[in-house]
Each structure stands twice: as C-alpha cells, then as structure tokens.
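Trainee: This is the structure, below, for whatever I ask next.
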Amino acid sequence: MKRKTPWILPIVLLVFLQQPAKAQTDTITYLDEIILAKSLIQKNAYGITSSNSIKQDKINTFGPLDAPLVLNQVPGVQVLSGALNTNRITIRGIGARTPYGTDKLRLYYNNIPITNGSGFSSIEAFDLANIGHVEVIKGPNGTSYGANLGGAIILNSNAPIVGRSEVVSSTVFGSYNLFKENLRLTHQTQKIHLNLSYNSIFTNGFRDNNAFDRDGILLNLGAILNAKSKLAILLNHIDYTAQIPSSINKTDFDNNPKLAAANWNEAKGFEANKYTLAGLTYTYAFNDKLSNNTSIFYSYLDHFEPRPFNILDEFTNGFGLRSVIKGKLLNGNFTIGTELYKDEYFWETFENLYRENEGNGSIAGEKLNENKEFRTQFYLFGAYNHTISKKLTAQFGLSLNKTNYEFKDRFLSDGNTSATRDFDVILNPSFNLTYNLKNGILFTAINKGFSNPNLEETLTPDGIINPDIAQEKGWNYELGYNTSFFKEKLQLKATTYFMKVKDLLVAERMGEDQYIGRNAGKTSHKGLELDASFNFKINPNWNISPYLNYSLNLHEFDEFIDDGINYAGNELTGVPKHVLNTGIAVHHKEVLSWFLNHNTVSNIPLNDANSIYSTAYSVFHTKIWYRPKITKAVQTQFQAGINNIFNTNYAQSILINAVGFGGSEPRYYYPGNGRNFYVGVQLKYFL
C-alpha cells in the first residue's frame with residue numbers, strides 16, 4: 001500500500017491567499033442566527049437519566065485514531081479493537097460473544113440509523129475529527145432507539161461555530177508511517193449552515209500485513225426554510241483498504257506480537273470497502289407544543305475480502321425511514337415514532353489459490369456459492385415523560401419490533417436452499433423514574449429488550465436458513481444516583497444494574513470461517529458503574545480536571561450446556577470483571593493543555609470453560625497541545641502525544657473460544673500497538 005501525497009495543504013494555502021484578512025462579518029451579531037443554527041443539532045436521549053454523554057473536550061484528550069479509547073471512558077462500555085477496521089463494542093457484556101464486529105446495539109449519526117439489516121454497526125465509518133458529541137444509552141433503555149439489549153450509540157457531528165465561518169486543516173504524522181489529514185469548511189449564514197470535510201488516513205500499522213489506507217468525505221448541510229421548518233442533508237462516503245493480520249496464538253503474542261497470523265500473511269489478506277450513507281431530514285414545528293422530525297436515508301457498501309479460506313465479494317443496498325413526533329401533553333412530553341429499514345445483501349465466495357500463487361498473495365479460483373438475502377427491520381415506539389410533582393418524574397415507553405429475513409440461493413449447485421425466516425413480533429415496555437433529592441437525582445429503570453441473530457447465526461454452515469434460531473430477550477433493572485458538590489465542580493454518578501437474558505445467541509464455530517447459531521441458554525448481567533469528575537480552578541490562569549470511571553462486571557451463565565458440558569455458573573466469556581479508567585487534564589488559559597489517561601483491564605475468560613484467561617494490563621497515554629495566538633483571523637494548534645507510554649504488551653482485542661486447526665495453537669490474541677508517537681498541527685482560518 002502506497003503512502004498518499006499530502007495534497008490538501010496547498011489547497012489550504014490557496015484559500016488563505018484568496019480570502020481577505022478581515023474575514024469576520026456582521027453575521028456574528030445576529031442572535032437569531034445563532035439560535036437557529038444551533039437548533040439544527042438536537043438533544044436525543046431525552047428523559048433517559050442513565051445515558052452518558054461524551055463531549056468535544058473529552059474527545060480532544062485522545063489521539064486522532066483513538067475512537068475506541070474515547071468510548072471506553074463510559075463505564076459499562078468496552079471496545080475491543082483488533083485493528084482500525086475491526087472494532088467490537090460491548091455494553092454491559094452484551095455483544096461479547098460476537099466473533100467479529102459490533103452487533104446487538106444500534107448506531108446513529110445525526111439521528112440517522114447506520115446499523116445494517118442484520119444488526120451490525122461500523123463506528124469506523126466516521127472520522128473522529130468529525131464527531132462533536134456522543135450519547136451512549138446502556139441497555140434497552142432507549143425505547144426510541146430500538147430497545148436493543150446492548151443499547152444505542154448516537155454520534156453527532158461538530159456543531160456549527162456560533163456566529164462565524166472557518167476553514168480548518170489538521171495534519172498528523174506519527175509512528176508506523178502514520179499520515180492523517182482532515183480539511184473542514186464550516187460556513188454559517190442566517191438560514192444555512194454548511195459543514196464539509198475531507199479526511200485521509202494512511203499507516204503501515206504496528207503488525208505485519210497491517211497497513212490501512214482510507215479517504216472520506218462528509219457533508220452536513222442545514223437550511224432554515226421558514227419559521228416552522230428546517231431541512232438537513234447528510235452525505236458520508238469512505239473508501240478504504242485495510243490489510244488483515246488477524247489473531248495470533250499465545251507463543252507469538254508473548255514473543256513477537258508484531259507478527260500476523262501465518263496464513264493471513266501468506267495470503268496477503270485484506271478488505272476493501274466503499275461505503276456511502278446519504279440522508280435527508282425534514283423538521284416541522286406545528287406549534288410550540290408539537291413537532292415532527294422525518295429522515296429518509298440510503299446506504300451502500302461494496303466489500304471485497306480475500307481470506308485464507310476463501311475470497312468474499314459482497315455488496316449491500318439499504319434504505320429506510322425514521323419519523324418521530326414530539327410534543328407536550330398535560331404535564332409532560334411525549335414521543336411517538338416509527339423506523340423502517342430494508343436492505344438487500346448479495347454475497348458470493350471463491351476458492352483462494354494463494355498457495356499456488358508463488359508468494360504473490362490471494363488469487364480467485366472456482367466459485368463456491370452465490371447468495372442474496374433481503375432483510376427488514378420495523379419499529380414502532382412511543383414514550384411519555386410525565387412530571388408528577390416538583391421532585392418526581394416518570395417515563396413510560398413501549399416499542400414494537402418486527403424482523404424478517406428472506407434468503408435466496410443463486411448458485412443452486414447442491415439444490416435450492418432458498419428460505420424465509422419470519423420472527424415473531426416483540427413488544428418491549430420501558431419504565432423510568434427520577435426523584436430530585438436535595439443533593440442529587442435518584443433514578444431507576446425497568447425495561448425489556450432484545451437482540452436479533454446476525455448473518456452467521458441465521459444460516460447453517462451449508463448456507464441454509466436456520467429454522468430454530470430465535471431472538472435473545474431480556475429484562476433490565478437498574479438503580480442510580482447522580483449528584484454534585486462544591487458548586488457542581490465535583491460530579492458523581494453511580495449505577496447498579498441487573499439484566500437477565502434468555503435464548504442466549506451463540507455462534508458455535510464449526511470451521512475456520514464456519515459458524516452455526518443457536519439459542520444455548522440464559523445469562524445474568526450484574527454490575528456497578530461509577531463515574532466521577534472534578535474541575536478545580538487553581539487560579540484565573542490554571543485549571544485541573546481529574547476524572548475516574550470504573551465498571552464491575554459480574555456476568556455469568558445461568559444455564560448453558562454445550563456438547564454435553566454444563567457451563568452454568570461460569571463467568572461470561574469475553575468480559576473483564578474490572579475495568580478502570582482514570583485521567584487528568586491540566587489547562588493554562590486556552591493556550592496550553594496536557595492530558596494523561598490510564599486504562600486498566602482485568603483478565604478476561606477466553607473460553608466458556610473459564611480454563612484460559614488473558615493477562616490483565618494497564619496502559620498509559622499522554623497528549624499535549626499548544627495554541628499560540630497569531631491574529632484574529634488565524635489560529636494555530638500544535639499537538640504531540642504518546643500512546644502506550646511504557647510499551648506494554650497487551651491484548652487490545654481477543655477472539656473467544658478459538659480453535660487450533662491441524663494441531664496448531666488456538667489464536668486468541670489481537671495485540672495492541674506498542675509505544676507510538678504522533679505530532680500534528682492545525683491551522684484554522686476564520687472567514
């Protein structure tokens with residue numbers, strides 16, 4: 001993979017030359033403009049006290065490629081990252097049994113769904129520099145967001161800068177031949193705001209066969225049509241190629257974690273993706289008590305992946321609608337809405353003759369299969385947030401889900417295996433209660449959720465619809481307390497929860513890339529989550545902000561018999577019992593900032609028998625940025641950082657229940673990067 005030429009920088013310089021120095025216009029004095037522009041960015045997780053927010057200042061404490069570290073700051077959330085293109089997000093243990101990728105939660109960008117028809121989500125489709133705010137709903141609390149057992153993650157774009165327009169160029173260089181660039185244009189008038197961004201990433205990666213090369217463009221365009229209506233357009237397109245080093249065994253992990261799996265290295269395995277998401281959102285306010293927000297959207301994914309066992313060629317066309325009515329009724333607020341998503345998934349596989357290609361990597365042989373699957377997800381939901389008294393508020397919610405898969409065999413070499421899987425309708429009630437105490441808020445929630453089986457679980461290894469598979473279902477109970485001290489400088493939040501899941505979905509491994517899904521039993525998820533932050537002003541110039549979040553995960557199998565072995569009482573595979581994140585930020589005015597982050601993860605059970613565990617680890621990261629003042633029209637920012645300061649050898653992701661084929665060791669481990677450095681510069685020009 002060849003390194004890009006940094007051609008964006010001359011464009012930025014050209015913009016500088018073409019724009020007048022006195023770029024600030026009278027529009028910064030129009031207060032109505034500020035209010036209208038900001039109203040295009042909505043608060044989403046309304047009425048859900050147990051949701052968590054990650055704001056821009058927290059995102060900025062991490063490096064330019066550290067989206068997993070950002071999400072890991074939320075207690076109860078654990079992102080296992082095998083590579084830049086391979087992230088598995090688990091929330092309160094839900095999703096830990098998924099072999100690759102993220103499912104069992106829903107992902108949104110600017111309130112538009114980006115989870116596909118089988119429930120998979122790809123957070124790596126968005127550049128961290130283009131995310132201004134993240135909301136995390138843990139568990140099936142989000143009635144309006146699918147009521148998935150894992151919850152929902154809502155990504156929001158950078159809000160328009162109040163009263164001004166700007167061009168921003170951010171360039172980063174680092175270890176492993178890293179080059180990252182983001183060029184963003186933000187323009188704001190009384191009725192229109194524009195956010196247009198180009199982003200580019202290249203790195204050779206820490207391991208063998210680990211290069212990553214991506215280009216992307218993101219457009220957010222919003223228009224105030226009149227006093228009652230707004231229109232927003234979203235377009236996100238990425239094109240990337242990522243080599244795949246895959247997981248390695250314990251011997252290689254201990255002695256040379258840079259190695260790729262031998263067969264993946266020999267096949268020069270990689271994935272190439274072209275992904276497009278387009279959405280149109282119309283908001284209309286009938287009056288000051290009733291409004292509607294409706295989005296229509298389309299997504300396309302073209303995916304090509306040569307693996308040692310075969311070559312996968314696939315594409316997905318998806319489209320949908322999400323419409324939400326919000327209003328005020330009696331002494332409360334209500335939400336009623338619907339979400340429809342349909343996609344067409346086509347895939348075919350070929351023999352991989354890499355062993356016959358004289359060391360030149362993968363080459364396609366005979367076609368093995370050709371299939372198409374139509375997938376439909378339909379939601380109806382409603383919630384009512386009622387103020388009972390000055391201190392007591394209750395929220396009642398109900399969602400309905402209907403899922404359908406239609407599988408078509410287009411190869412027909414061994415007979416027609418086409419079939420349809422029509423799942424039962426699922427009703428998911430939700431109840432939340434908050435009580436305002438003198439020094440804080442006490443909240444509780446009872447809600448029901450579900451998880452759909454993914455593609456591997458809906459089909460047998462022979463490519464036949466699995467007629468016995470059912471959806472996971474569970475009840476979640478939680479109790480929490482949110483308080484503050486010292487004039488809100490110290491923020492404390494504690495939550496305890498208990499979730500019972502039945503019809504546990506298990507992807508049982510039948511071969512190197514063959515799984516069969518089945519409902520294997522029940523699990524219980526008990527846990528405690530603590531979140532604390534303190535903002536201390538030493539003097540008018542210096543500010544210190546330490547923080548801490550901790551997760552205690554007591555997750556276990558209640559009923560689980562596999563191949564005649566009873567695993568009841570064992571810890572849930574793939575979930576650490578203890579996760580601790582601490583950090584500190586030191587600010588000198590708005591000129592200088594230093595960040596130190598620390599992540600500790602206890603050992604993780606790697607198999608259902610709990611006979612093998614990963615090694616616990618602690619990793620430290622640091623970053624500093626300096627923002628000297630130049631002129632009113634030009635602002636610069638220099639940053640430098642070190643990830644994994646002490647060069648710890650740790651597993652940043654794991655593959656549970658790995659099997660060694662042909663007498664080889666099982667490959668459980670995805671090594672994290674060694675000590676690495678980055679430096680960057682940002683140029684911001686105010687128009």
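We label chains A, B, ... in the order they appear in the structure tokens, count residues from 1 in each chain, and number ligands from 1 in the order shown.
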Any idea what's packed within 12 Å of A:Asp254, counting only C-alpha atoms, ignoring anything in its chain fewer than 6 positions away? Could you give it as a list in words?
Mentor: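 The filter keeps Ile248, Ser614, Thr615, Thr648, Asn649, Tyr650, Ala651, Tyr669, Tyr670 and Pro671 of chain A.
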Trainee: Next, dump the selected residues to file, keeping only N, CA, C and O atoms, as a PDB file, in the first residue's frame.
Mentor:
ATOM      1  N   ILE A 248      -3.430 -13.997  16.777  1.00  0.00           N
ATOM      2  CA  ILE A 248      -2.261 -14.875  16.870  1.00  0.00           C
ATOM      3  C   ILE A 248      -2.332 -15.697  18.161  1.00  0.00           C
ATOM      4  O   ILE A 248      -3.126 -15.404  19.061  1.00  0.00           O
ATOM      5  N   SER A 614      -6.993 -14.177  29.520  1.00  0.00           N
ATOM      6  CA  SER A 614      -5.984 -13.231  29.069  1.00  0.00           C
ATOM      7  C   SER A 614      -5.293 -12.625  30.281  1.00  0.00           C
ATOM      8  O   SER A 614      -5.756 -12.765  31.414  1.00  0.00           O
ATOM      9  N   THR A 615      -4.202 -11.934  30.056  1.00  0.00           N
ATOM     10  CA  THR A 615      -3.457 -11.301  31.145  1.00  0.00           C
ATOM     11  C   THR A 615      -3.969  -9.886  31.378  1.00  0.00           C
ATOM     12  O   THR A 615      -4.176  -9.131  30.425  1.00  0.00           O
ATOM     13  N   THR A 648       3.715  -1.495  26.909  1.00  0.00           N
ATOM     14  CA  THR A 648       3.111  -2.704  27.460  1.00  0.00           C
ATOM     15  C   THR A 648       2.651  -3.638  26.343  1.00  0.00           C
ATOM     16  O   THR A 648       2.049  -3.192  25.364  1.00  0.00           O
ATOM     17  N   ASN A 649       2.940  -4.915  26.496  1.00  0.00           N
ATOM     18  CA  ASN A 649       2.422  -5.913  25.557  1.00  0.00           C
ATOM     19  C   ASN A 649       1.068  -6.388  26.089  1.00  0.00           C
ATOM     20  O   ASN A 649       0.990  -7.061  27.112  1.00  0.00           O
ATOM     21  N   TYR A 650       0.010  -6.022  25.399  1.00  0.00           N
ATOM     22  CA  TYR A 650      -1.333  -6.330  25.900  1.00  0.00           C
ATOM     23  C   TYR A 650      -2.244  -6.700  24.737  1.00  0.00           C
ATOM     24  O   TYR A 650      -1.990  -6.356  23.574  1.00  0.00           O
ATOM     25  N   ALA A 651      -3.300  -7.408  25.054  1.00  0.00           N
ATOM     26  CA  ALA A 651      -4.286  -7.812  24.046  1.00  0.00           C
ATOM     27  C   ALA A 651      -5.373  -6.751  23.970  1.00  0.00           C
ATOM     28  O   ALA A 651      -6.195  -6.620  24.875  1.00  0.00           O
ATOM     29  N   TYR A 669      -5.466 -13.936  20.449  1.00  0.00           N
ATOM     30  CA  TYR A 669      -4.994 -12.598  20.799  1.00  0.00           C
ATOM     31  C   TYR A 669      -4.834 -11.664  19.595  1.00  0.00           C
ATOM     32  O   TYR A 669      -4.252 -12.029  18.566  1.00  0.00           O
ATOM     33  N   TYR A 670      -5.336 -10.424  19.785  1.00  0.00           N
ATOM     34  CA  TYR A 670      -5.050  -9.306  18.879  1.00  0.00           C
ATOM     35  C   TYR A 670      -4.176  -8.321  19.659  1.00  0.00           C
ATOM     36  O   TYR A 670      -4.684  -7.593  20.518  1.00  0.00           O
ATOM     37  N   PRO A 671      -2.876  -8.273  19.406  1.00  0.00           N
ATOM     38  CA  PRO A 671      -2.001  -7.393  20.194  1.00  0.00           C
ATOM     39  C   PRO A 671      -2.323  -5.920  19.967  1.00  0.00           C
ATOM     40  O   PRO A 671      -2.640  -5.491  18.853  1.00  0.00           O
TER      41      PRO A 671
END
Trainee: Give me the residues near A:Asp422 as number ranges by chain, where near means some atom within 8 Å (using only C-alpha atoms) and where sequence neighbours in that chain fewer than 3 positions away do not count.
Mentor: A: 403-405
Trainee: Please produce an output containing C-alpha atoms for each residue in the selection, written as a CSV table (one decimal), in the first residue's frame.
Mentor:
chain,number,residue,atom,x,y,z
A,403,THR,CA,-37.9,-8.7,11.8
A,404,ASN,CA,-37.9,-10.7,8.6
A,405,TYR,CA,-35.1,-12.4,6.6
Trainee: Counting only C-alpha atoms, which residues of stretch 289-329 of chain A sit at most 9 Å from some atom of stretch 102-121 of chain A, and what is each one's closest atom pair with its distance in Å to one decimal, listed by chain and rising residue number, as a Markdown table?
Mentor:
| residue | atom | partner | partner_atom | distance |
| --- | --- | --- | --- | --- |
| A:Ser295 | CA | A:Ile112 | CA | 6.9 |
| A:Ile296 | CA | A:Ile112 | CA | 8.2 |
| A:Phe297 | CA | A:Ile112 | CA | 7.3 |
| A:Ser299 | CA | A:Ile114 | CA | 8.0 |
| A:Thr316 | CA | A:Asn116 | CA | 8.8 |
| A:Gly318 | CA | A:Asn116 | CA | 7.5 |
| A:Gly320 | CA | A:Pro113 | CA | 8.6 |
| A:Leu321 | CA | A:Ile112 | CA | 8.7 |
| A:Arg322 | CA | A:Ile112 | CA | 7.5 |
Trainee: Save the residues we just selected, C-alpha atoms, as a PDB file, in the first residue's frame?
Mentor:
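Output contents, as saved in selection_33.pdb:
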ATOM      1  CA  SER A 295     -35.471  11.248   7.836  1.00  0.00           C
ATOM      2  CA  ILE A 296     -35.156   9.155   4.719  1.00  0.00           C
ATOM      3  CA  PHE A 297     -31.808   7.523   4.083  1.00  0.00           C
ATOM      4  CA  SER A 299     -26.670   3.256   2.355  1.00  0.00           C
ATOM      5  CA  THR A 316     -25.400  -4.226   0.377  1.00  0.00           C
ATOM      6  CA  GLY A 318     -30.100  -0.385   2.240  1.00  0.00           C
ATOM      7  CA  GLY A 320     -35.169   3.362   5.266  1.00  0.00           C
ATOM      8  CA  LEU A 321     -37.260   5.951   7.033  1.00  0.00           C
ATOM      9  CA  ARG A 322     -37.324   7.275  10.575  1.00  0.00           C
TER      10      ARG A 322
END
Trainee: I need the residues in stretch 120-360 of chain A that are alpha helix (DSSP H) according to DSSP; give them as a PDB file with C-alpha atoms, in the first residue's frame.
Mentor:
ATOM      1  CA  LYS A 250      -0.054 -17.218  22.889  1.00  0.00           C
ATOM      2  CA  THR A 251       3.518 -18.075  21.883  1.00  0.00           C
ATOM      3  CA  ASP A 252       3.638 -15.420  19.173  1.00  0.00           C
ATOM      4  CA  PHE A 253       1.801 -12.926  21.367  1.00  0.00           C
ATOM      5  CA  ASP A 254       4.409 -13.262  24.129  1.00  0.00           C
ATOM      6  CA  ASN A 255       7.487 -13.357  21.908  1.00  0.00           C
ATOM      7  CA  ALA A 262       0.866 -17.097   9.163  1.00  0.00           C
ATOM      8  CA  ASN A 263      -1.948 -17.984   6.757  1.00  0.00           C
ATOM      9  CA  TRP A 264      -3.246 -14.404   6.585  1.00  0.00           C
ATOM     10  CA  ASN A 265       0.263 -13.126   5.956  1.00  0.00           C
ATOM     11  CA  GLU A 266       0.859 -15.670   3.207  1.00  0.00           C
ATOM     12  CA  ALA A 267      -2.476 -14.869   1.549  1.00  0.00           C
TER      13      ALA A 267
END
